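Colleague: The following file, my_file13.pdb, comprises PDB, C-alpha atoms:
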ATOM      1  CA  MET A  24      -7.520  17.739 -28.236
ATOM      2  CA  ILE A  25      -7.606  15.100 -25.511
ATOM      3  CA  GLN A  26      -7.002  15.397 -21.812
ATOM      4  CA  VAL A  27      -5.629  12.492 -19.800
ATOM      5  CA  THR A  28      -4.353  12.013 -16.286
ATOM      6  CA  VAL A  29      -0.751  10.854 -15.956
ATOM      7  CA  ASN A  30       0.337   9.825 -12.451
ATOM      8  CA  GLY A  31      -2.444  11.914 -11.004
ATOM      9  CA  ALA A  32      -1.750  15.107 -12.993
ATOM     10  CA  ALA A  33      -3.737  16.381 -15.976
ATOM     11  CA  ARG A  34      -1.988  16.468 -19.382
ATOM     12  CA  ARG A  35      -3.291  17.708 -22.713
ATOM     13  CA  PHE A  36      -2.344  16.411 -26.138
ATOM     14  CA  ASP A  37      -3.188  18.111 -29.430
ATOM     15  CA  GLY A  38      -4.254  15.067 -31.402
ATOM     16  CA  PRO A  39      -4.625  11.314 -31.069
ATOM     17  CA  VAL A  40      -1.686   9.764 -29.204
ATOM     18  CA  ASN A  41      -0.620   6.253 -28.328
ATOM     19  CA  VAL A  42       1.175   5.198 -25.144
ATOM     20  CA  ARG A  43       4.598   5.296 -26.728
ATOM     21  CA  GLN A  44       4.046   8.886 -27.894
ATOM     22  CA  VAL A  45       3.034   9.887 -24.369
ATOM     23  CA  LEU A  46       6.252   8.383 -23.009
ATOM     24  CA  GLU A  47       8.221  10.249 -25.674
ATOM     25  CA  ALA A  48       6.468  13.526 -24.831
ATOM     26  CA  LEU A  49       7.401  13.013 -21.166
ATOM     27  CA  ALA A  50      11.054  12.246 -21.992
ATOM     28  CA  MET A  51      10.665   8.652 -20.835
ATOM     29  CA  ALA A  52      11.120   6.885 -24.140
ATOM     30  CA  GLY A  53      13.466   3.945 -23.773
ATOM     31  CA  LYS A  54      13.397   4.081 -19.960
ATOM     32  CA  LYS A  55      12.497   1.035 -17.928
ATOM     33  CA  VAL A  56       8.918   1.786 -16.909
ATOM     34  CA  ALA A  57       5.612  -0.061 -16.663
ATOM     35  CA  VAL A  58       2.348   1.498 -17.762
ATOM     36  CA  GLU A  59      -1.191   0.962 -16.551
ATOM     37  CA  ARG A  60      -4.172   2.495 -18.371
ATOM     38  CA  ASN A  61      -7.485   2.742 -16.512
ATOM     39  CA  GLY A  62      -6.357  -0.003 -14.148
ATOM     40  CA  GLU A  63      -5.141  -2.398 -16.855
ATOM     41  CA  ILE A  64      -1.519  -3.129 -17.750
ATOM     42  CA  VAL A  65      -0.423  -1.974 -21.184
ATOM     43  CA  PRO A  66       2.328  -4.420 -22.185
ATOM     44  CA  GLN A  67       5.492  -2.843 -23.562
ATOM     45  CA  SER A  68       4.920  -4.574 -26.888
ATOM     46  CA  LEU A  69       1.605  -2.736 -27.315
ATOM     47  CA  HIS A  70       2.747   0.792 -26.360
ATOM     48  CA  HIS A  71       2.733   1.892 -30.004
ATOM     49  CA  GLN A  72      -0.741   0.453 -30.655
ATOM     50  CA  VAL A  73      -2.824   1.480 -27.668
ATOM     51  CA  MET A  74      -4.459   4.844 -28.404
ATOM     52  CA  LEU A  75      -5.507   7.089 -25.532
ATOM     53  CA  GLU A  76      -8.994   8.398 -25.166
ATOM     54  CA  ASN A  77     -10.178  11.566 -23.525
ATOM     55  CA  GLY A  78     -10.366  11.046 -19.756
ATOM     56  CA  ASP A  79      -7.975   8.071 -19.614
ATOM     57  CA  ALA A  80      -5.868   7.643 -16.491
ATOM     58  CA  LEU A  81      -2.289   6.445 -16.928
ATOM     59  CA  GLU A  82       0.052   5.243 -14.214
ATOM     60  CA  ILE A  83       3.730   5.093 -15.123
ATOM     61  CA  VAL A  84       5.960   3.384 -12.555
ATOM     62  CA  VAL A  85       9.578   2.452 -11.906
ATOM     63  CA  ALA A  86      11.442   0.354  -9.327
ATOM     64  CA  VAL A  87      12.837   2.329  -6.384
ATOM     65  CA  GLY A  88      14.589   1.409  -3.147
ATOM     66  CA  GLY A  89      12.245  -0.173  -0.636
ATOM     67  CA  GLY A  90      12.018  -2.773   2.103
TER
ATOM     68  CA  MET B  22      25.564 -25.539  -2.388
ATOM     69  CA  THR B  23      25.132 -27.045   1.078
ATOM     70  CA  ASP B  24      21.967 -26.239   3.020
ATOM     71  CA  PRO B  25      20.393 -23.886   0.475
ATOM     72  CA  LEU B  26      17.266 -21.844   1.090
ATOM     73  CA  ILE B  27      14.758 -23.118  -1.463
ATOM     74  CA  ILE B  28      11.955 -20.786  -2.512
ATOM     75  CA  ALA B  29       9.547 -21.802  -5.279
ATOM     76  CA  GLY B  30      12.011 -24.446  -6.445
ATOM     77  CA  LYS B  31      15.003 -22.100  -6.700
ATOM     78  CA  SER B  32      18.015 -22.459  -4.402
ATOM     79  CA  TYR B  33      19.743 -19.583  -2.661
ATOM     80  CA  ALA B  34      23.005 -19.853  -0.736
ATOM     81  CA  SER B  35      22.178 -16.826   1.421
ATOM     82  CA  ARG B  36      19.374 -16.863   3.962
ATOM     83  CA  LEU B  37      19.493 -13.108   4.407
ATOM     84  CA  LEU B  38      17.150 -10.997   2.302
ATOM     85  CA  ILE B  39      17.795  -7.274   2.161
ATOM     86  CA  GLY B  40      15.593  -4.263   1.516
ATOM     87  CA  THR B  41      16.960  -1.446  -0.610
ATOM     88  CA  GLY B  42      15.192   1.525   1.001
ATOM     89  CA  LYS B  43      16.494   4.336   3.228
ATOM     90  CA  TYR B  44      20.134   4.311   2.079
ATOM     91  CA  ARG B  45      22.064   7.537   1.462
ATOM     92  CA  ASP B  46      22.497   6.780  -2.228
ATOM     93  CA  PHE B  47      22.652   3.877  -4.655
ATOM     94  CA  ALA B  48      26.383   3.428  -4.031
ATOM     95  CA  GLU B  49      25.707   2.757  -0.350
ATOM     96  CA  THR B  50      22.779   0.488  -1.244
ATOM     97  CA  ARG B  51      25.013  -1.536  -3.509
ATOM     98  CA  ALA B  52      27.859  -1.725  -0.972
ATOM     99  CA  ALA B  53      25.513  -2.839   1.813
ATOM    100  CA  VAL B  54      23.821  -5.486  -0.329
ATOM    101  CA  GLU B  55      27.209  -6.843  -1.381
ATOM    102  CA  ALA B  56      28.487  -6.923   2.194
ATOM    103  CA  SER B  57      25.349  -8.756   3.319
ATOM    104  CA  GLY B  58      25.828 -11.493   0.742
ATOM    105  CA  ALA B  59      22.087 -11.297   0.038
ATOM    106  CA  GLN B  60      20.877 -12.680  -3.284
ATOM    107  CA  ILE B  61      17.277 -11.557  -2.917
ATOM    108  CA  VAL B  62      16.623  -7.809  -2.661
ATOM    109  CA  THR B  63      13.280  -6.127  -2.152
ATOM    110  CA  VAL B  64      12.301  -3.091  -4.207
ATOM    111  CA  ALA B  65       9.289  -0.785  -4.224
ATOM    112  CA  ILE B  66       7.181   0.241  -7.219
ATOM    113  CA  ARG B  67       6.432   3.953  -7.466
ATOM    114  CA  ARG B  68       5.193   6.571  -9.923
ATOM    115  CA  THR B  69       7.970   8.086 -12.012
ATOM    116  CA  ASN B  70       8.937  11.659 -11.328
ATOM    117  CA  ILE B  71       7.765  13.124 -14.602
ATOM    118  CA  GLY B  72      10.127  15.735 -15.988
ATOM    119  CA  GLN B  73      12.620  15.342 -13.144
ATOM    120  CA  ASN B  74      14.259  12.087 -14.032
ATOM    121  CA  ALA B  75      16.234  12.906 -17.153
ATOM    122  CA  GLY B  76      19.721  11.903 -15.999
ATOM    123  CA  GLU B  77      18.786  10.419 -12.622
ATOM    124  CA  PRO B  78      20.480   7.086 -11.878
ATOM    125  CA  SER B  79      18.123   4.151 -11.481
ATOM    126  CA  LEU B  80      18.019   1.324  -8.990
ATOM    127  CA  LEU B  81      17.977  -1.141 -11.877
ATOM    128  CA  GLU B  82      21.405   0.146 -12.889
ATOM    129  CA  ALA B  83      22.813   0.058  -9.333
ATOM    130  CA  LEU B  84      21.541  -3.468  -8.696
ATOM    131  CA  PRO B  85      21.175  -5.188 -12.071
ATOM    132  CA  PRO B  86      18.364  -7.766 -12.020
ATOM    133  CA  SER B  87      20.796 -10.093 -13.790
ATOM    134  CA  GLN B  88      22.892 -10.234 -10.588
ATOM    135  CA  PHE B  89      20.197 -10.215  -7.908
ATOM    136  CA  THR B  90      16.771 -11.752  -7.525
ATOM    137  CA  TYR B  91      14.333  -8.868  -7.289
ATOM    138  CA  LEU B  92      11.475  -9.066  -4.856
ATOM    139  CA  PRO B  93       9.087  -6.234  -5.749
ATOM    140  CA  ASN B  94       6.906  -5.321  -2.776
ATOM    141  CA  THR B  95       3.564  -3.678  -2.164
ATOM    142  CA  ALA B  96       4.762  -1.374   0.601
ATOM    143  CA  GLY B  97       2.311   1.405   1.239
ATOM    144  CA  CYS B  98      -0.720  -0.580   0.051
ATOM    145  CA  TYR B  99      -3.656  -0.666   2.469
ATOM    146  CA  ASN B 100      -6.027  -2.877   0.482
ATOM    147  CA  ALA B 101      -5.906  -5.974  -1.689
ATOM    148  CA  GLU B 102      -6.787  -4.133  -4.885
ATOM    149  CA  ASP B 103      -3.858  -1.700  -4.682
ATOM    150  CA  ALA B 104      -1.464  -4.527  -3.799
ATOM    151  CA  VAL B 105      -2.550  -6.652  -6.758
ATOM    152  CA  ARG B 106      -2.318  -3.698  -9.151
ATOM    153  CA  THR B 107       1.150  -2.842  -7.870
ATOM    154  CA  LEU B 108       2.442  -6.355  -8.439
ATOM    155  CA  ARG B 109       0.923  -6.602 -11.903
ATOM    156  CA  LEU B 110       2.866  -3.432 -12.728
ATOM    157  CA  ALA B 111       5.987  -4.960 -11.170
ATOM    158  CA  ARG B 112       5.666  -8.057 -13.324
ATOM    159  CA  GLU B 113       5.340  -5.894 -16.427
ATOM    160  CA  LEU B 114       8.274  -3.718 -15.342
ATOM    161  CA  LEU B 115      10.528  -6.690 -14.634
ATOM    162  CA  ASP B 116       9.821  -8.608 -17.844
ATOM    163  CA  GLY B 117       7.465 -11.217 -16.444
ATOM    164  CA  HIS B 118       9.307 -11.746 -13.139
ATOM    165  CA  ASP B 119       6.766 -13.414 -10.855
ATOM    166  CA  LEU B 120       8.440 -13.738  -7.420
ATOM    167  CA  VAL B 121       6.888 -10.993  -5.303
ATOM    168  CA  LYS B 122       6.506  -9.775  -1.741
ATOM    169  CA  LEU B 123       2.922  -9.111  -0.755
ATOM    170  CA  GLU B 124       2.301  -6.792   2.159
ATOM    171  CA  VAL B 125      -1.033  -5.178   2.871
ATOM    172  CA  LEU B 126      -0.806  -2.782   5.766
ATOM    173  CA  GLY B 127      -3.391  -2.049   8.394
ATOM    174  CA  ASP B 128      -2.493   1.498   9.388
ATOM    175  CA  PRO B 129       0.363   3.949   8.917
ATOM    176  CA  HIS B 130       1.308   4.056  12.619
ATOM    177  CA  THR B 131       1.998   0.395  13.201
ATOM    178  CA  LEU B 132       2.374  -0.865   9.614
ATOM    179  CA  TYR B 133       0.863  -4.023  11.072
ATOM    180  CA  PRO B 134      -0.504  -6.346   8.381
ATOM    181  CA  ASN B 135      -4.188  -6.213   7.450
ATOM    182  CA  MET B 136      -4.732  -9.972   7.351
ATOM    183  CA  PRO B 137      -8.192 -10.159   5.694
ATOM    184  CA  GLU B 138      -6.921  -8.012   2.798
ATOM    185  CA  THR B 139      -3.621  -9.921   2.734
ATOM    186  CA  LEU B 140      -5.449 -13.246   2.375
ATOM    187  CA  LYS B 141      -7.681 -11.807  -0.343
ATOM    188  CA  ALA B 142      -4.753 -10.418  -2.346
ATOM    189  CA  ALA B 143      -2.753 -13.635  -1.922
ATOM    190  CA  GLY B 144      -5.627 -15.631  -3.414
ATOM    191  CA  THR B 145      -5.846 -13.381  -6.469
ATOM    192  CA  LEU B 146      -2.086 -13.279  -7.022
ATOM    193  CA  VAL B 147      -1.602 -17.035  -6.742
ATOM    194  CA  LYS B 148      -4.422 -17.564  -9.261
ATOM    195  CA  GLU B 149      -2.657 -15.159 -11.624
ATOM    196  CA  GLY B 150       0.539 -17.178 -11.439
ATOM    197  CA  PHE B 151       2.555 -15.055  -9.039
ATOM    198  CA  LYS B 152       4.953 -16.711  -6.603
ATOM    199  CA  VAL B 153       3.946 -14.935  -3.434
ATOM    200  CA  MET B 154       6.144 -14.359  -0.395
ATOM    201  CA  VAL B 155       3.838 -12.817   2.128
ATOM    202  CA  TYR B 156       4.341 -10.444   5.063
ATOM    203  CA  CYS B 157       1.909 -11.405   7.810
ATOM    204  CA  SER B 158       1.138 -11.484  11.496
ATOM    205  CA  ASP B 159       2.663 -14.242  13.618
ATOM    206  CA  ASP B 160      -0.724 -15.951  13.960
ATOM    207  CA  PRO B 161      -0.166 -19.663  13.196
ATOM    208  CA  ILE B 162      -3.725 -20.163  11.925
ATOM    209  CA  GLN B 163      -3.586 -17.376   9.352
ATOM    210  CA  ALA B 164      -0.056 -18.426   8.411
ATOM    211  CA  GLN B 165      -1.479 -21.857   7.558
ATOM    212  CA  MET B 166      -4.234 -20.218   5.522
ATOM    213  CA  LEU B 167      -1.600 -18.393   3.483
ATOM    214  CA  GLU B 168       0.262 -21.638   2.914
ATOM    215  CA  ALA B 169      -2.976 -23.369   1.872
ATOM    216  CA  ILE B 170      -3.662 -20.576  -0.640
ATOM    217  CA  GLY B 171      -0.329 -21.399  -2.255
ATOM    218  CA  CYS B 172       2.108 -18.761  -1.024
ATOM    219  CA  VAL B 173       5.722 -19.867  -1.570
ATOM    220  CA  ALA B 174       7.020 -18.338   1.674
ATOM    221  CA  VAL B 175       5.321 -16.997   4.775
ATOM    222  CA  MET B 176       6.976 -13.993   6.414
ATOM    223  CA  PRO B 177       5.697 -13.094   9.881
ATOM    224  CA  LEU B 178       6.829  -9.937  11.588
ATOM    225  CA  ALA B 179       9.044 -10.295  14.663
ATOM    226  CA  SER B 180       8.072  -6.781  15.770
ATOM    227  CA  LEU B 181       6.784  -3.718  13.946
ATOM    228  CA  ILE B 182       8.386  -2.682  10.642
ATOM    229  CA  GLY B 183      11.243  -0.290  11.265
ATOM    230  CA  SER B 184      11.016  -0.647  15.053
ATOM    231  CA  GLY B 185      14.215  -2.599  15.629
ATOM    232  CA  MET B 186      12.558  -4.175  18.679
ATOM    233  CA  GLY B 187      13.771  -7.670  17.837
ATOM    234  CA  ILE B 188      11.988 -11.003  18.322
ATOM    235  CA  LEU B 189       9.086 -10.099  20.616
ATOM    236  CA  ASN B 190       7.220 -13.386  20.494
ATOM    237  CA  PRO B 191       9.484 -16.364  19.842
ATOM    238  CA  TRP B 192       6.708 -18.691  21.018
ATOM    239  CA  ASN B 193       4.334 -17.652  18.261
ATOM    240  CA  LEU B 194       7.111 -17.931  15.700
ATOM    241  CA  GLN B 195       7.700 -21.436  17.026
ATOM    242  CA  LEU B 196       4.040 -22.286  16.482
ATOM    243  CA  VAL B 197       4.197 -20.962  12.908
ATOM    244  CA  LEU B 198       7.383 -22.955  12.273
ATOM    245  CA  ASP B 199       5.846 -26.135  13.646
ATOM    246  CA  LYS B 200       2.769 -25.829  11.423
ATOM    247  CA  LEU B 201       4.217 -24.799   8.058
ATOM    248  CA  LYS B 202       6.105 -26.665   5.368
ATOM    249  CA  VAL B 203       6.921 -23.663   3.157
ATOM    250  CA  PRO B 204       9.873 -21.475   4.187
ATOM    251  CA  VAL B 205       9.194 -19.163   7.124
ATOM    252  CA  ILE B 206      11.149 -15.929   6.922
ATOM    253  CA  VAL B 207      11.144 -13.328   9.665
ATOM    254  CA  ASP B 208      10.238 -10.056   7.995
ATOM    255  CA  ALA B 209      10.393  -6.886  10.039
ATOM    256  CA  GLY B 210      11.534  -5.982  13.514
ATOM    257  CA  VAL B 211      15.145  -7.152  13.526
ATOM    258  CA  GLY B 212      17.335  -4.440  15.079
ATOM    259  CA  THR B 213      20.776  -5.906  15.427
ATOM    260  CA  ALA B 214      22.822  -9.027  14.741
ATOM    261  CA  SER B 215      21.682 -10.990  17.803
ATOM    262  CA  ASP B 216      18.030 -10.587  16.740
ATOM    263  CA  ALA B 217      18.804 -12.172  13.388
ATOM    264  CA  ALA B 218      20.718 -14.983  15.092
ATOM    265  CA  ILE B 219      17.781 -15.653  17.453
ATOM    266  CA  ALA B 220      15.367 -15.869  14.521
ATOM    267  CA  MET B 221      17.602 -18.399  12.804
ATOM    268  CA  GLU B 222      18.222 -20.370  16.016
ATOM    269  CA  LEU B 223      14.456 -20.759  16.361
ATOM    270  CA  GLY B 224      14.512 -22.538  13.015
ATOM    271  CA  CYS B 225      13.369 -19.778  10.694
ATOM    272  CA  ASP B 226      14.466 -20.354   7.116
ATOM    273  CA  GLY B 227      15.642 -16.806   6.588
ATOM    274  CA  VAL B 228      15.480 -13.193   7.708
ATOM    275  CA  LEU B 229      14.410 -10.171   5.700
ATOM    276  CA  MET B 230      15.507  -6.751   6.900
ATOM    277  CA  ASN B 231      16.016  -3.222   5.718
ATOM    278  CA  THR B 232      16.057  -0.582   8.442
ATOM    279  CA  ALA B 233      18.392  -2.557  10.728
ATOM    280  CA  VAL B 234      21.072  -2.179   8.077
ATOM    281  CA  ALA B 235      20.133   1.118   6.445
ATOM    282  CA  ALA B 236      19.637   2.992   9.723
ATOM    283  CA  ALA B 237      22.821   1.675  11.376
ATOM    284  CA  LYS B 238      25.554   4.294  11.825
ATOM    285  CA  LYS B 239      27.680   2.225   9.443
ATOM    286  CA  PRO B 240      25.292   0.338   7.185
ATOM    287  CA  VAL B 241      27.929  -1.634   5.294
ATOM    288  CA  GLN B 242      29.507  -2.892   8.507
ATOM    289  CA  MET B 243      26.074  -3.825   9.888
ATOM    290  CA  ALA B 244      25.316  -5.678   6.664
ATOM    291  CA  ARG B 245      28.469  -7.729   7.246
ATOM    292  CA  ALA B 246      27.440  -8.372  10.853
ATOM    293  CA  MET B 247      23.991  -9.542   9.741
ATOM    294  CA  LYS B 248      25.499 -11.957   7.238
ATOM    295  CA  LYS B 249      27.528 -13.565  10.030
ATOM    296  CA  ALA B 250      24.591 -13.557  12.440
ATOM    297  CA  VAL B 251      22.280 -15.326  10.010
ATOM    298  CA  GLU B 252      24.954 -17.900   9.213
ATOM    299  CA  ALA B 253      25.808 -18.421  12.889
ATOM    300  CA  GLY B 254      22.160 -18.723  13.881
ATOM    301  CA  ARG B 255      21.487 -21.233  11.128
ATOM    302  CA  GLU B 256      24.463 -23.371  12.103
ATOM    303  CA  ALA B 257      23.480 -23.277  15.757
ATOM    304  CA  PHE B 258      19.984 -24.402  14.803
ATOM    305  CA  LEU B 259      21.328 -27.266  12.698
ATOM    306  CA  ALA B 260      23.844 -28.210  15.395
ATOM    307  CA  GLY B 261      21.093 -28.402  18.020
ATOM    308  CA  ARG B 262      21.637 -26.431  21.177
ATOM    309  CA  MET B 263      22.216 -28.002  24.580
ATOM    310  CA  PRO B 264      19.213 -28.051  26.889
ATOM    311  CA  LYS B 265      18.871 -25.174  29.337
ATOM    312  CA  LYS B 266      19.285 -26.174  32.974
ATOM    313  CA  LEU B 267      19.018 -23.959  36.006
ATOM    314  CA  TYR B 268      21.184 -26.274  38.162
ATOM    315  CA  ALA B 269      22.584 -29.745  37.598
ATOM    316  CA  ALA B 270      25.954 -28.078  37.125
ATOM    317  CA  SER B 271      28.153 -30.201  34.928
ATOM    318  CA  PRO B 272      31.755 -28.936  34.809
ATOM    319  CA  SER B 273      33.447 -28.904  31.451
ATOM    320  CA  SER B 274      36.692 -30.255  32.931
ATOM    321  CA  PRO B 275      37.151 -33.757  34.409
ATOM    322  CA  THR B 276      36.069 -34.227  38.021
ATOM    323  CA  GLU B 277      38.643 -36.987  38.477
ATOM    324  CA  GLY B 278      42.287 -36.480  39.364
ATOM    325  CA  LYS B 279      42.114 -33.039  40.896
ATOM    326  CA  ILE B 280      44.659 -32.072  43.462
ATOM    327  CA  SER B 281      42.867 -31.199  46.655
ATOM    328  CA  SER B 282      43.661 -30.689  50.276
ATOM    329  CA  LYS B 283      40.152 -31.406  51.431
ATOM    330  CA  ALA B 284      37.234 -33.409  50.179
ATOM    331  CA  ALA B 285      34.538 -31.189  48.618
TER
END
Here is a file; write its structure as structure tokens.
Modeller:
Amino acid sequence: MIQVTVNGAARRFDGPVNVRQVLEALAMAGKKVAVERNGEIVPQSLHHQVMLENGDALEIVVAVGGG
Amino acid sequence: MTDPLIIAGKSYASRLLIGTGKYRDFAETRAAVEASGAQIVTVAIRRTNIGQNAGEPSLLEALPPSQFTYLPNTAGCYNAEDAVRTLRLARELLDGHDLVKLEVLGDPHTLYPNMPETLKAAGTLVKEGFKVMVYCSDDPIQAQMLEAIGCVAVMPLASLIGSGMGILNPWNLQLVLDKLKVPVIVDAGVGTASDAAIAMELGCDGVLMNTAVAAAKKPVQMARAMKKAVEAGREAFLAGRMPKKLYAASPSSPTEGKISSKAA
């Protein structure tokens, strides 16, 4: 089991997961988001390749109204 | 297109840039942006609401990036590192889009720019290939530093963000305008149409606003007013105003041929 932080909150996954699987588990598959892992951008094209490790911190962001 | 605003080599017919925050809903955002005629719209980058966004409409649907030029901002960032991270995420989110608005704030009460951190972030972003439009103080020396770093537009505040206090220091803006070659866009402080017109009459290349429209009683109508104000101010600037004179009254009608019973 691995534990990661997603947008500041702890999440547990049973086995090895990649970024795309995390997005799927959070019902965000196919949505327009950008992902950062431990301070580094994970390009969309690599979501299915980048495996998470215990203790990783993910930030998942969208565009919202702002000035 | 006559008299376009040119930013980083791209021409825009509208000199009004609009923020998309603080509206009632996306429908009102869309209506206000359309009424303003703005082509460049600022957006913020925020964490997704995990588990609560299943059927929620998105800003990207309300204002398709195919129809508007997005200007992702770093609102809420208080240091260079957070600002740079935010804009890297924005570039990833928007498929490599590199025109961005950098703002690094000094404190949450004034939202006044933190200039040392702003300069630091601008340097990093320009090196990474971003086209940086930068919110800054109206200090002509630091404005020149930002231009020298390679920012594509310099955007001094006219008064505090969200204050609606208008153009508090036209003299400093004048100094910034005199010194810079890149577009100078007033960002922050505009409260009503006359403020926008004054900024443009001073020679500013554009005006960026959000609260003045979003917090008006009728945002769509205010957006329309701002469009006219920016256009009117720009034309007045190009036309060249008459000099101000306290006396030396010069009547607009001929002094010859008046009927008169007595000599004046």
Colleague: Can you tell me how far atom CA of B:Val175 sits from atom CA of B:Ser158, in Å to one decimal?
Modeller: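 If I compute the distance from atom CA of B:Val175 to atom CA of B:Ser158, I get 9.6 Å.
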Colleague: Enumerate, as number ranges by chain, the protein, DNA and RNA residues whose atoms approach (-0.5, 3.2, -27.6) to within 12 Å, taking into account all atoms listed in the file and the coordinate frame of the file.
Modeller: A: 39-47, 58-60, 64-76, 79, 81
Colleague: Pick out the closest residue to chain A from this set: B:Ala111, B:Ala270, B:Leu120, B:Ala220. Count all atoms listed in the file.
Modeller: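 Between B:Ala111, B:Ala270, B:Leu120, B:Ala220, the residue approaching chain A most closely is B:Ala111.
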Colleague: Taking the file above as input, evaluate the PyMOL selection byres ((chain A and resi 56) around 12) and report the hits as a compact mmCIF listing (two decimals) with C-alpha atoms, in the coordinates of the input.
Modeller:
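The file below, out39.txt, is the result:
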# COMPACT_ATOMS: atom_id res chain seq x y z
CA VAL A 42 1.18 5.20 -25.14
CA ARG A 43 4.60 5.30 -26.73
CA LEU A 46 6.25 8.38 -23.01
CA ALA A 50 11.05 12.25 -21.99
CA MET A 51 10.66 8.65 -20.84
CA ALA A 52 11.12 6.88 -24.14
CA GLY A 53 13.47 3.94 -23.77
CA LYS A 54 13.40 4.08 -19.96
CA LYS A 55 12.50 1.03 -17.93
CA ALA A 57 5.61 -0.06 -16.66
CA VAL A 58 2.35 1.50 -17.76
CA GLU A 59 -1.19 0.96 -16.55
CA ILE A 64 -1.52 -3.13 -17.75
CA VAL A 65 -0.42 -1.97 -21.18
CA PRO A 66 2.33 -4.42 -22.18
CA GLN A 67 5.49 -2.84 -23.56
CA HIS A 70 2.75 0.79 -26.36
CA GLU A 82 0.05 5.24 -14.21
CA ILE A 83 3.73 5.09 -15.12
CA VAL A 84 5.96 3.38 -12.56
CA VAL A 85 9.58 2.45 -11.91
CA ALA A 86 11.44 0.35 -9.33
CA VAL A 87 12.84 2.33 -6.38
CA ILE B 66 7.18 0.24 -7.22
CA ARG B 67 6.43 3.95 -7.47
CA ARG B 68 5.19 6.57 -9.92
CA THR B 69 7.97 8.09 -12.01
CA ASN B 70 8.94 11.66 -11.33
CA ILE B 71 7.76 13.12 -14.60
CA ASN B 74 14.26 12.09 -14.03
CA SER B 79 18.12 4.15 -11.48
CA LEU B 81 17.98 -1.14 -11.88
CA LEU B 110 2.87 -3.43 -12.73
CA ALA B 111 5.99 -4.96 -11.17
CA ARG B 112 5.67 -8.06 -13.32
CA GLU B 113 5.34 -5.89 -16.43
CA LEU B 114 8.27 -3.72 -15.34
CA LEU B 115 10.53 -6.69 -14.63
CA ASP B 116 9.82 -8.61 -17.84
Colleague: Quick one: everything within 7 Å of stretch 33-45 of chain B, counting all atoms listed in the file, minus sequence neighbours fewer than 5 positions away in the same chain. Send it as an MDAnalysis selection string.
Modeller: (chainID A and resid 88:90) or (chainID B and resid 22 25:27 50 54 58:64 226:231 235 248 251)
Colleague: For the provided coordinates, the residues matched by the PyMOL selection byres ((chain B and resi 240) around 10) should be stated as a ChimeraX atom specification.
Modeller: /B:44-45,49-50,52-54,56-57,232-239,241-246
Colleague: Using atom CA of B:Phe89 and atom CA of B:Asp24 as the two end points, give the distance in Å to one decimal.
Modeller: 19.5 Å
Colleague: Could you state the separation of atom CA of B:Thr95 and atom CA of B:Thr139 in Å, given to one decimal place?
Modeller: 10.7 Å
Colleague: Between B:Leu80, B:Leu126, B:Leu178, B:Val173, which one has atoms that come closest to chain A, using only C-alpha atoms?
Modeller: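 Smallest separation from chain A among the options: B:Leu80.
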Colleague: To verify the selection step, state as JSON, numbers by chain which residues the PyMOL selection byres ((chain B and resi 216) around 10) yields on this input.
Modeller: {"B": [179, 185, 186, 187, 188, 189, 210, 211, 212, 213, 214, 215, 217, 218, 219, 220, 221, 222, 228, 247, 250, 251, 254]}
Colleague: Find the smallest box with edges along x, y and z containing every listed atom of stretch 179-185 of chain B, then add 8 Å on each side and report centre and edge lengths in Å to one decimal, as AutoDock Vina command-line options.
Modeller:
--center_x 10.5 --center_y -5.3 --center_z 13.2 --size_x 23.4 --size_y 26.0 --size_z 21.1
Colleague: Compile the contact shell of B:Lys122 as a ChimeraX atom specification: residues with an atom at most 10 Å away, counting only C-alpha atoms, same-chain residues fewer than 5 positions apart removed.
Modeller: /A:90 /B:63-65,91-96,104,108,151-156,174-176
Colleague: Rank B:Gln195, B:Asn100, B:Thr145, B:Gln88 by their smallest atom-to-atom distance to B:Gly127, using all atoms listed in the file, and report the top residue only.
Modeller: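 Looking only at the distances to B:Gly127, the closest residue turns out to be B:Asn100.
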Colleague: Ranking A:Arg34, A:Met24, A:Asn77, A:Asn61 by minimum distance to A:Ala48 and counting only C-alpha atoms, which one comes first?
Modeller: A:Arg34
Colleague: Kindly indicate which residue among B:Cys172, B:Ala164, B:Leu198, B:Ile182 lies nearest to chain A, using only C-alpha atoms for the distances.
Modeller: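 Nearest to chain A: B:Ile182.
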Colleague: Set the distance at 9 Å and use all atoms listed in the file: which residues neighbour B:Asn193 once local chain neighbours fewer than 2 positions away are removed? I'd like the list as a ChimeraX atom specification.
Modeller: /B:159-161,190-191,195-198
Colleague: Choose the residue, out of B:Ser271, B:Asp119, B:Arg106, B:Ala48, that has the smallest atom-to-atom separation from chain A; count all atoms listed in the file.
Modeller: B:Arg106
